[in-house]
$ cat entry_1.txt   # compact mmCIF, C-alpha atoms
# COMPACT_ATOMS: atom_id res chain seq x y z
CA MET A 1 146.76 133.43 15.73
CA THR A 2 148.93 131.14 17.86
CA ALA A 3 146.13 129.93 20.13
CA ALA A 4 145.02 127.00 17.91
CA PRO A 5 148.47 125.31 17.54
CA GLU A 6 149.13 125.81 21.27
CA LYS A 7 145.80 124.18 22.11
CA ALA A 8 146.57 121.29 19.74
CA GLY A 9 150.04 120.91 21.29
CA ALA A 10 148.59 120.90 24.80
CA ARG A 11 145.97 118.33 23.74
CA MET A 12 148.63 116.04 22.19
CA SER A 13 150.82 116.35 25.25
CA ALA A 14 147.86 115.56 27.52
CA THR A 15 146.96 112.50 25.37
CA ARG A 16 150.58 111.28 25.47
CA GLY A 17 150.64 111.77 29.24
CA ALA A 18 147.40 109.81 29.65
CA GLU A 19 148.72 107.04 27.35
CA SER A 20 151.97 106.83 29.26
CA SER A 21 150.21 106.65 32.62
CA ALA A 22 147.86 103.99 31.20
CA THR A 23 150.90 102.01 29.99
CA ARG A 24 152.49 102.38 33.41
CA ARG A 25 149.27 101.04 34.98
CA PHE A 26 149.21 98.18 32.46
CA ALA A 27 152.86 97.36 33.22
CA ARG A 28 152.16 97.42 36.96
CA VAL A 29 149.23 95.00 36.52
CA MET A 30 151.39 92.64 34.40
CA ILE A 31 154.32 92.75 36.83
CA GLY A 32 152.04 92.36 39.87
CA PHE A 33 150.28 89.39 38.28
CA THR A 34 153.62 87.76 37.36
CA ILE A 35 155.07 88.21 40.86
CA LEU A 36 151.91 86.95 42.58
CA TYR A 37 151.62 83.95 40.24
CA GLY A 38 155.32 83.17 40.65
CA LEU A 39 155.04 83.25 44.43
CA LEU A 40 151.97 81.02 44.42
CA ALA A 41 153.76 78.59 42.08
CA ALA A 42 156.77 78.56 44.43
CA ILE A 43 154.55 77.83 47.45
CA LEU A 44 152.77 75.06 45.53
CA SER A 45 156.11 73.61 44.39
CA PHE A 46 157.56 73.68 47.93
CA HIS A 47 154.52 71.87 49.27
CA ILE A 48 154.58 69.25 46.50
CA VAL A 49 158.34 68.57 46.75
CA VAL A 50 158.06 67.91 50.51
CA GLU A 51 155.09 65.55 50.08
CA GLN A 52 156.55 63.86 47.00
CA GLN A 53 159.87 63.35 48.79
CA ALA A 54 158.04 61.51 51.56
CA VAL A 55 156.06 59.24 49.24
CA ARG A 56 159.19 58.50 47.18
CA ARG A 57 160.98 57.45 50.33
CA HIS A 58 158.03 55.23 51.27
CA LEU A 59 158.03 53.62 47.84
CA ASP A 60 161.79 53.14 47.87
CA THR A 61 161.65 51.44 51.28
CA ALA A 62 158.73 49.20 50.31
CA LEU A 63 160.50 48.09 47.11
CA ARG A 64 163.75 47.42 48.95
CA VAL A 65 162.43 45.49 51.94
CA ARG A 66 159.32 43.72 50.60
CA PRO A 67 159.23 40.02 51.54
CA VAL A 68 160.09 37.75 48.65
CA GLY A 69 157.99 34.76 47.60
CA PRO A 70 156.94 32.40 46.34
CA PHE A 71 154.24 31.98 48.98
CA ALA A 72 152.44 28.72 49.79
CA SER A 73 149.09 30.20 48.77
CA ILE A 74 147.45 33.53 48.00
CA ARG A 75 146.04 33.46 51.52
CA ALA A 76 149.57 33.14 52.94
CA SER A 77 150.68 35.98 50.68
CA ARG A 78 147.81 38.14 51.96
CA ALA A 79 148.83 37.47 55.57
CA VAL A 80 152.43 38.42 54.80
CA ALA A 81 151.27 41.55 53.00
CA ARG A 82 149.02 42.56 55.90
CA ALA A 83 151.88 42.18 58.38
CA PHE A 84 154.20 44.09 56.02
CA VAL A 85 151.73 46.99 55.72
CA ALA A 86 151.30 47.12 59.49
CA ARG A 87 155.09 47.22 59.96
CA LEU A 88 155.53 49.98 57.40
CA ASN A 89 152.71 52.07 58.86
CA ALA A 90 154.21 51.71 62.32
CA ALA A 91 157.58 52.83 61.01
CA PHE A 92 156.46 55.75 58.84
CA GLY A 93 153.32 57.12 60.51
CA HIS A 94 150.72 59.01 58.55
CA ASN A 95 150.12 59.78 54.89
CA PRO A 96 152.16 62.86 53.83
CA CYS A 97 149.24 64.24 51.78
CA GLY A 98 146.68 64.25 54.58
CA PRO A 99 144.94 62.11 57.16
CA GLY A 100 145.05 58.37 56.78
CA PRO A 101 147.69 55.70 56.48
CA ALA A 102 150.78 55.94 54.27
CA PHE A 103 150.55 52.26 53.25
CA ALA A 104 147.47 50.21 52.49
CA LEU A 105 146.62 46.67 51.59
CA ALA A 106 144.22 46.72 48.68
CA ARG A 107 143.72 46.48 44.99
CA PRO A 108 144.59 49.93 43.59
CA HIS A 109 141.21 50.47 41.89
CA ALA A 110 139.42 49.74 45.14
CA MET A 111 140.94 52.79 46.84
CA ALA A 112 138.82 55.95 46.91
CA ARG A 113 141.62 58.42 47.66
CA ARG A 114 145.12 57.49 46.58
CA ASP A 115 147.23 60.65 47.02
CA CYS A 116 150.67 59.79 48.44
CA LEU A 117 149.59 56.23 49.16
CA VAL A 118 151.75 53.14 48.71
CA VAL A 119 149.57 50.13 48.02
CA ILE A 120 150.81 46.62 48.77
CA ALA A 121 148.97 43.90 46.90
CA PRO A 122 149.46 40.19 47.59
CA GLY A 123 150.77 38.00 44.82
CA ARG A 124 151.74 34.36 44.59
CA HIS A 125 155.39 35.02 43.70
CA ARG A 126 155.97 38.35 45.39
CA LEU A 127 154.17 41.30 46.94
CA HIS A 128 153.27 43.99 44.41
CA VAL A 129 154.07 47.59 45.33
CA ARG A 130 152.39 50.52 43.65
CA ALA A 131 152.74 54.13 44.77
CA TYR A 132 150.60 57.15 43.91
CA ASP A 133 151.99 60.68 43.72
CA THR A 134 150.62 63.82 45.39
CA GLN A 135 147.93 64.09 42.70
CA GLY A 136 146.90 60.44 42.88
CA HIS A 137 148.66 59.32 39.66
CA HIS A 138 150.51 56.03 39.86
CA MET A 139 154.29 56.29 39.93
CA ASP A 140 156.81 54.44 37.77
CA ASN A 141 158.66 51.91 39.95
CA VAL A 142 161.42 51.35 37.39
CA PHE A 143 162.10 55.06 36.98
CA GLU A 144 162.09 55.49 40.77
CA ARG A 145 164.58 52.64 41.19
CA LEU A 146 166.85 54.31 38.61
CA ASN A 147 166.62 57.63 40.49
CA PRO A 148 166.36 56.83 44.20
CA PRO A 149 165.31 59.72 46.43
CA PRO A 150 167.98 61.51 48.45
CA ARG A 151 168.08 60.52 52.11
CA HIS A 152 167.60 64.09 53.35
CA LEU A 153 166.32 67.25 51.73
CA MET B 1 160.08 51.90 18.44
CA LEU B 2 163.43 53.51 17.69
CA ALA B 3 166.82 52.76 19.21
CA TYR B 4 168.56 55.59 21.03
CA PRO B 5 171.41 56.71 18.76
CA HIS B 6 174.02 56.70 21.58
CA ILE B 7 175.80 59.87 20.59
CA ASN B 8 178.84 60.43 22.78
CA PRO B 9 178.05 63.51 24.93
CA VAL B 10 181.69 64.53 24.44
CA GLY B 11 182.01 65.91 20.91
CA PHE B 12 185.82 66.07 20.81
CA HIS B 13 188.85 66.94 22.92
CA ILE B 14 191.04 70.00 22.79
CA GLY B 15 194.15 68.56 24.36
CA PRO B 16 193.06 67.14 27.73
CA ILE B 17 189.82 69.17 27.81
CA PRO B 18 186.66 67.31 26.73
CA ILE B 19 184.24 69.47 24.73
CA HIS B 20 180.67 68.38 25.43
CA TRP B 21 178.02 68.63 22.74
CA TYR B 22 175.81 70.54 25.18
CA GLY B 23 178.31 73.35 25.66
CA LEU B 24 179.28 73.26 22.01
CA LEU B 25 175.67 73.64 20.83
CA GLU B 26 175.14 76.50 23.30
CA ILE B 27 178.23 78.27 21.94
CA ILE B 28 177.11 77.64 18.34
CA SER B 29 173.64 79.05 19.10
CA PHE B 30 175.22 82.07 20.81
CA VAL B 31 177.44 82.77 17.78
CA ILE B 32 174.61 82.30 15.24
CA GLY B 33 172.27 84.46 17.36
CA THR B 34 174.89 87.20 17.67
CA ILE B 35 175.64 87.26 13.93
CA TRP B 36 171.92 87.36 13.16
CA LEU B 37 171.28 90.21 15.63
CA ILE B 38 174.20 92.21 14.22
CA ARG B 39 172.73 91.84 10.70
CA ARG B 40 169.22 92.60 11.98
CA GLY B 41 170.52 95.66 13.82
CA ARG B 42 171.77 97.17 10.55
CA ARG B 43 168.21 97.51 9.24
CA ALA B 44 166.80 101.03 9.16
CA GLU B 45 164.04 100.40 11.70
CA TRP B 46 166.42 99.02 14.35
CA GLN B 47 169.71 100.92 14.01
CA TRP B 48 171.84 98.91 16.42
CA THR B 49 175.62 98.95 16.11
CA LYS B 50 177.71 95.82 16.56
CA GLU B 51 179.05 97.19 19.87
CA GLN B 52 175.51 97.82 21.14
CA VAL B 53 174.48 94.25 20.25
CA LEU B 54 177.47 92.79 22.11
CA ASP B 55 176.82 95.07 25.09
CA LEU B 56 173.17 93.99 25.14
CA GLU B 57 174.18 90.32 25.05
CA TYR B 58 176.13 90.80 28.24
CA TYR B 59 172.96 91.98 30.03
CA LEU B 60 170.90 89.18 28.50
CA SER B 61 173.43 86.48 29.44
CA VAL B 62 173.60 87.65 33.05
CA GLY B 63 169.79 87.88 33.19
CA ALA B 64 169.27 84.45 31.60
CA ILE B 65 171.77 82.63 33.83
CA ALA B 66 170.80 84.34 37.11
CA GLY B 67 167.06 84.19 36.35
CA GLY B 68 167.23 80.63 35.05
CA ARG B 69 169.01 79.41 38.15
CA LEU B 70 166.84 81.30 40.64
CA GLY B 71 163.74 80.13 38.80
CA TYR B 72 164.88 76.52 39.09
CA VAL B 73 165.60 76.92 42.80
CA LEU B 74 162.29 78.62 43.48
CA TRP B 75 159.95 76.53 41.34
CA TYR B 76 161.57 73.14 41.06
CA ASP B 77 163.50 72.22 44.23
CA LEU B 78 163.28 74.90 46.92
CA PRO B 79 163.33 72.55 49.97
CA TYR B 80 166.61 71.03 48.75
CA TYR B 81 168.32 74.37 48.12
CA LEU B 82 167.13 75.80 51.45
CA GLY B 83 169.14 72.97 53.01
CA HIS B 84 172.11 73.47 50.64
CA PRO B 85 172.20 77.21 49.83
CA ILE B 86 175.80 77.17 48.55
CA GLN B 87 174.72 74.80 45.77
CA ILE B 88 172.52 77.56 44.33
CA LEU B 89 175.75 79.00 42.93
CA GLU B 90 176.84 75.69 41.36
CA VAL B 91 175.16 76.33 38.02
CA TRP B 92 177.55 73.91 36.26
CA ASP B 93 175.79 71.03 38.06
CA GLY B 94 172.61 71.70 36.07
CA GLY B 95 169.19 72.94 37.03
CA MET B 96 167.96 75.93 35.02
CA SER B 97 164.40 77.07 34.43
CA PHE B 98 163.34 78.63 31.12
CA HIS B 99 160.67 80.73 32.84
CA GLY B 100 163.16 82.20 35.32
CA GLY B 101 165.55 82.82 32.45
CA LEU B 102 162.83 84.66 30.51
CA ILE B 103 162.12 86.95 33.47
CA GLY B 104 165.88 87.52 33.79
CA VAL B 105 166.14 88.39 30.08
CA ILE B 106 163.20 90.82 30.32
CA LEU B 107 164.88 92.48 33.32
CA GLY B 108 168.13 92.58 31.31
CA CYS B 109 166.26 94.32 28.45
CA TRP B 110 164.80 96.82 30.94
CA VAL B 111 168.16 97.62 32.56
CA TYR B 112 169.85 97.95 29.16
CA GLY B 113 166.98 100.10 27.89
CA ARG B 114 167.19 102.47 30.86
CA LYS B 115 170.93 102.83 30.43
CA HIS B 116 170.74 103.46 26.69
CA ASP B 117 167.44 105.28 26.45
CA ARG B 118 165.51 102.55 24.66
CA SER B 119 162.19 101.06 25.75
CA ALA B 120 162.40 97.57 27.27
CA MET B 121 159.73 96.27 24.88
CA ALA B 122 161.62 97.59 21.84
CA VAL B 123 164.76 95.80 23.08
CA LEU B 124 162.74 92.61 23.61
CA ASP B 125 161.32 92.89 20.09
CA PHE B 126 164.84 93.14 18.74
CA VAL B 127 166.19 90.02 20.49
CA ALA B 128 163.09 87.77 20.56
CA PRO B 129 163.47 86.26 17.06
CA ALA B 130 167.00 85.06 17.90
CA ALA B 131 165.95 83.26 21.11
CA PRO B 132 164.51 80.11 19.41
CA ILE B 133 167.98 79.32 18.01
CA GLY B 134 169.34 78.79 21.54
CA LEU B 135 166.15 77.13 22.76
CA GLY B 136 166.06 74.68 19.84
CA LEU B 137 169.72 73.70 19.97
CA GLY B 138 169.46 73.37 23.77
CA ARG B 139 166.71 70.77 23.28
CA LEU B 140 168.86 68.85 20.81
CA ALA B 141 171.61 68.91 23.44
CA ASN B 142 169.12 67.46 25.96
CA PHE B 143 168.45 64.59 23.53
CA ILE B 144 172.17 63.93 23.01
CA ASN B 145 172.70 64.05 26.78
CA ASP B 146 169.93 61.47 27.38
CA GLN B 147 168.01 63.82 29.68
CA LEU B 148 164.59 65.50 29.98
CA PHE B 149 162.98 62.70 27.94
CA GLY B 150 159.30 61.96 27.54
CA ARG B 151 156.75 59.72 29.18
CA VAL B 152 156.43 56.01 28.53
CA SER B 153 154.82 55.47 25.13
CA HIS B 154 154.36 52.72 22.58
CA LEU B 155 154.19 54.96 19.52
CA PRO B 156 156.27 53.73 16.56
CA TRP B 157 158.80 56.56 17.03
CA ALA B 158 159.17 56.13 20.82
CA VAL B 159 162.79 55.78 21.93
CA ILE B 160 164.38 53.67 24.67
CA PHE B 161 166.50 56.21 26.55
CA PRO B 162 169.26 54.51 28.59
CA ALA B 163 168.64 56.84 31.55
CA GLY B 164 164.89 56.23 31.38
CA GLY B 165 164.81 52.49 31.94
CA PRO B 166 163.78 49.68 29.59
CA GLU B 167 160.46 51.15 28.43
CA PRO B 168 160.20 53.22 25.23
CA ARG B 169 159.50 56.91 25.78
CA GLN B 170 158.33 59.94 23.84
CA PRO B 171 161.30 61.81 22.31
CA SER B 172 159.90 65.01 23.82
CA GLN B 173 163.20 66.87 23.35
CA ILE B 174 162.75 66.48 19.59
CA TYR B 175 159.16 67.79 19.79
CA GLU B 176 160.48 70.76 21.78
CA PHE B 177 163.25 71.32 19.22
CA LEU B 178 160.68 71.36 16.42
CA LEU B 179 158.15 73.61 18.20
CA GLU B 180 160.16 75.92 20.50
CA GLY B 181 163.07 75.98 18.06
CA VAL B 182 162.11 75.58 14.41
CA ALA B 183 158.41 76.61 14.44
CA LEU B 184 158.92 79.56 16.80
CA LEU B 185 161.91 80.76 14.79
CA ILE B 186 159.89 80.69 11.56
CA ILE B 187 156.88 82.44 13.16
CA LEU B 188 158.99 85.24 14.68
CA ALA B 189 161.29 85.63 11.67
CA VAL B 190 158.37 85.90 9.23
CA TYR B 191 156.29 88.15 11.52
CA GLY B 192 159.31 90.30 12.41
CA ARG B 193 160.26 90.97 8.77
CA LYS B 194 157.74 93.81 8.51
CA ARG B 195 157.55 96.81 10.79
CA ARG B 196 155.25 95.94 13.72
CA PRO B 197 153.98 97.97 16.68
CA THR B 198 156.49 98.15 19.53
CA GLY B 199 156.12 95.13 21.81
CA ALA B 200 154.31 92.95 19.25
CA VAL B 201 157.23 90.64 18.37
CA GLY B 202 158.12 90.11 22.05
CA ALA B 203 154.44 89.48 22.85
CA LEU B 204 154.19 86.91 20.06
CA PHE B 205 157.23 85.11 21.47
CA VAL B 206 155.62 84.95 24.93
CA LEU B 207 152.31 83.75 23.48
CA PHE B 208 153.64 81.02 21.18
CA TYR B 209 156.29 79.76 23.57
CA GLY B 210 153.56 79.42 26.21
CA ILE B 211 151.31 77.47 23.82
CA PHE B 212 154.06 75.17 22.51
CA ARG B 213 155.58 74.42 25.91
CA PHE B 214 152.17 73.78 27.48
CA LEU B 215 151.34 71.25 24.75
CA VAL B 216 154.71 69.48 24.68
CA GLU B 217 154.69 69.04 28.46
CA TYR B 218 151.86 66.52 28.00
CA THR B 219 154.47 64.18 26.51
CA ARG B 220 157.36 64.99 28.87
CA GLN B 221 158.26 63.02 31.98
CA PRO B 222 157.64 65.34 34.96
CA ASP B 223 160.66 66.15 37.15
CA ILE B 224 161.11 63.27 39.53
CA GLN B 225 161.19 65.38 42.71
CA LEU B 226 157.82 66.94 41.80
CA GLY B 227 155.74 64.55 39.70
CA PHE B 228 152.43 66.14 38.71
CA VAL B 229 151.64 69.26 40.69
CA LEU B 230 148.07 70.25 39.85
CA GLY B 231 145.84 67.39 38.71
CA ARG B 232 147.30 66.28 35.37
CA LEU B 233 149.50 69.38 35.00
CA ASP B 234 153.23 69.43 35.71
CA MET B 235 155.27 72.43 36.81
CA GLY B 236 156.26 73.34 33.23
CA GLN B 237 152.58 73.65 32.36
CA VAL B 238 151.73 75.59 35.51
CA LEU B 239 154.45 78.10 34.61
CA SER B 240 153.63 78.19 30.88
CA ALA B 241 149.84 78.60 31.23
CA PRO B 242 149.95 82.31 32.27
CA MET B 243 152.24 83.07 29.31
CA ILE B 244 149.23 82.59 27.02
CA PRO B 245 146.95 85.32 28.51
CA ILE B 246 149.98 87.55 29.20
CA GLY B 247 151.09 87.18 25.57
CA ILE B 248 147.58 88.03 24.33
CA ALA B 249 147.38 91.05 26.67
CA LEU B 250 150.81 92.30 25.53
CA LEU B 251 149.85 91.83 21.88
CA TYR B 252 146.60 93.73 22.41
CA TRP B 253 148.42 96.54 24.19
CA ALA B 254 151.10 96.67 21.49
CA TYR B 255 148.48 97.01 18.73
CA ARG B 256 146.78 99.74 20.76
CA GLY B 257 150.07 101.60 20.52
CA GLY B 258 150.65 101.40 24.27
CA PHE B 259 154.37 100.67 23.99
CA GLU B 260 155.15 103.26 21.31
CA THR B 261 157.65 105.95 22.25
CA PRO B 262 157.50 109.51 20.84
CA GLU B 263 160.93 108.94 19.21
CA ARG B 264 159.70 105.93 17.30
CA ASN B 265 156.56 107.75 16.20
CA ARG B 266 158.68 110.58 14.86
CA ALA B 267 160.99 108.16 13.05
CA ALA B 268 157.99 106.47 11.46
CA GLY B 269 156.40 109.72 10.39
CA GLY B 270 153.97 109.82 13.27
CA SER B 271 152.21 106.51 12.75
CA ALA B 272 152.74 103.06 14.24

$ encode --input "entry_1.txt" --output "structure tokens"
Amino acid sequence: MTAAPEKAGARMSATRGAESSATRRFARVMIGFTILYGLLAAILSFHIVVEQQAVRRHLDTALRVRPVGPFASIRASRAVARAFVARLNAAFGHNPCGPGPAFALARPHAMARRDCLVVIAPGRHRLHVRAYDTQGHHMDNVFERLNPPPRHL
Amino acid sequence: MLAYPHINPVGFHIGPIPIHWYGLLEIISFVIGTIWLIRRGRRAEWQWTKEQVLDLEYYLSVGAIAGGRLGYVLWYDLPYYLGHPIQILEVWDGGMSFHGGLIGVILGCWVYGRKHDRSAMAVLDFVAPAAPIGLGLGRLANFINDQLFGRVSHLPWAVIFPAGGPEPRQPSQIYEFLLEGVALLIILAVYGRKRRPTGAVGALFVLFYGIFRFLVEYTRQPDIQLGFVLGRLDMGQVLSAPMIPIGIALLYWAYRGGFETPERNRAAGGSA
């Protein structure tokens, strides 16, 4: 007489046990995914901050020490810009995002890869400075001047 | 474009002590949230006493502050804080991450739940609808404080923020106030009015916060020390993107009854 309710009770208990172990597995997957994603995001962030810090310092220096015009001609401006780029590259070494120079003399749209690059363009009245962040998007000179990078990390 | 309203960040003085709008709005949101949770706790399906709500808020506050700060250190400026580890403790100097705070709050719910024999997801369901009050008022405080503004824009409602230079910018703090504050509050309050499966309200918070934050970040100026971090995505988007699939997965699991406890089933007459 009591066998049927006992069986039903055992079945319910077994189902609840299976559900609870499935929930535990689900929780473990969620927590594992969150931890792994968080760690990868932290590694990415660390990498980006170091590179971005370098390009911000390059931009800050270029804006502060760029030769002022007006120049006699655009050709004279180009010569000054070329010498300026050479001086900056000698002082700062390589591009923080990879191989190649940190400073270049070019029109921005003419550059194939612009990550972490500071481009110096000749102009009649002054040299134009435009920097590109770690993802190749051009940076805001005004905003950077308002928030200069710290000297050291 | 609109002129920045130049609200004094100091609301008023109590004797020699200046009371900043930021702190004041945080206190106001804390008080409103507490009163709301106490009232919510009186409902038959929750059964939380006033003392339990206040006790829970202690765990949540510790979780939010510790998690928010560690999240900021880890995801926004780790090289700096590795060089200045003592400054990790200087939370009054600013630098908190919502995503770290959320993880801290979830841990707080779990610790509280273990101590008081409640499931972490049930605790999260209880507190989630109150969270947009603090989030929304925090964004208003950001606007008053002239911080965390948007990208350069020439839309008619763009604002010239004094700390952002001469160009008009998106008032992204106001968008965040409207989405993460007002819209999220309405969604969770309406959805949470009826009895839902355990975990569903918390899951909906995770899902909609993820969606709203991901979208608003397209208008927000990325943190200056990071810029964009993954193509056109900034760190806020990188951290918000997984909230969308996680929210969907939690919602699915909640509706499958995965977070139900035997006690709740009994209280509800055996059905979820």

$ interface_residues --input "entry_1.txt" --of "chain B" --to "chain A" --cutoff "7 Å" --atoms "only C-alpha atoms" --output "PyMOL selection string"
chain B and resi 74-80+83+164-165+225-231+258

$ residues_around --input "entry_1.txt" --residues "A:Val68" --least-positions-apart "3" --cutoff "8 Å" --atoms "only C-alpha atoms" --output "JSON, numbers by chain"
{"A": [125, 126, 127]}

$ atom_distance --input "entry_1.txt" --atom1 "atom CA of B:Phe214" --atom2 "atom CA of B:Val182"
16.5 Å

$ closest_residue --input "entry_1.txt" --among "A:Cys97, A:Leu88, A:Ala79, A:Leu105" --to "A:Leu63" --atoms "all atoms listed in the file"
A:Leu88

$ closest_residue --input "entry_1.txt" --among "A:Arg25, A:Leu117, A:Pro122, A:Gly98" --to "A:Gly69" --atoms "all atoms listed in the file"
A:Pro122

$ residues_around --input "entry_1.txt" --residues "B:Leu148" --least-positions-apart "5" --cutoff "8 Å" --atoms "all atoms listed in the file" --output "list in words"
Asn142, Phe143, Ser172, Gln173, Arg220 and Gln221 of chain B

$ write_last_selection --input "entry_1.txt" --atoms "C-alpha atoms" --output "compact mmCIF listing (two decimals), keeping the file's coordinate frame"
# COMPACT_ATOMS: atom_id res chain seq x y z
CA ASN B 142 169.12 67.46 25.96
CA PHE B 143 168.45 64.59 23.53
CA SER B 172 159.90 65.01 23.82
CA GLN B 173 163.20 66.87 23.35
CA ARG B 220 157.36 64.99 28.87
CA GLN B 221 158.26 63.02 31.98

$ closest_residue --input "entry_1.txt" --among "A:Ile31, A:Ala86, A:Ala54, A:Cys116" --to "A:Pro99" --atoms "all atoms listed in the file"
A:Cys116
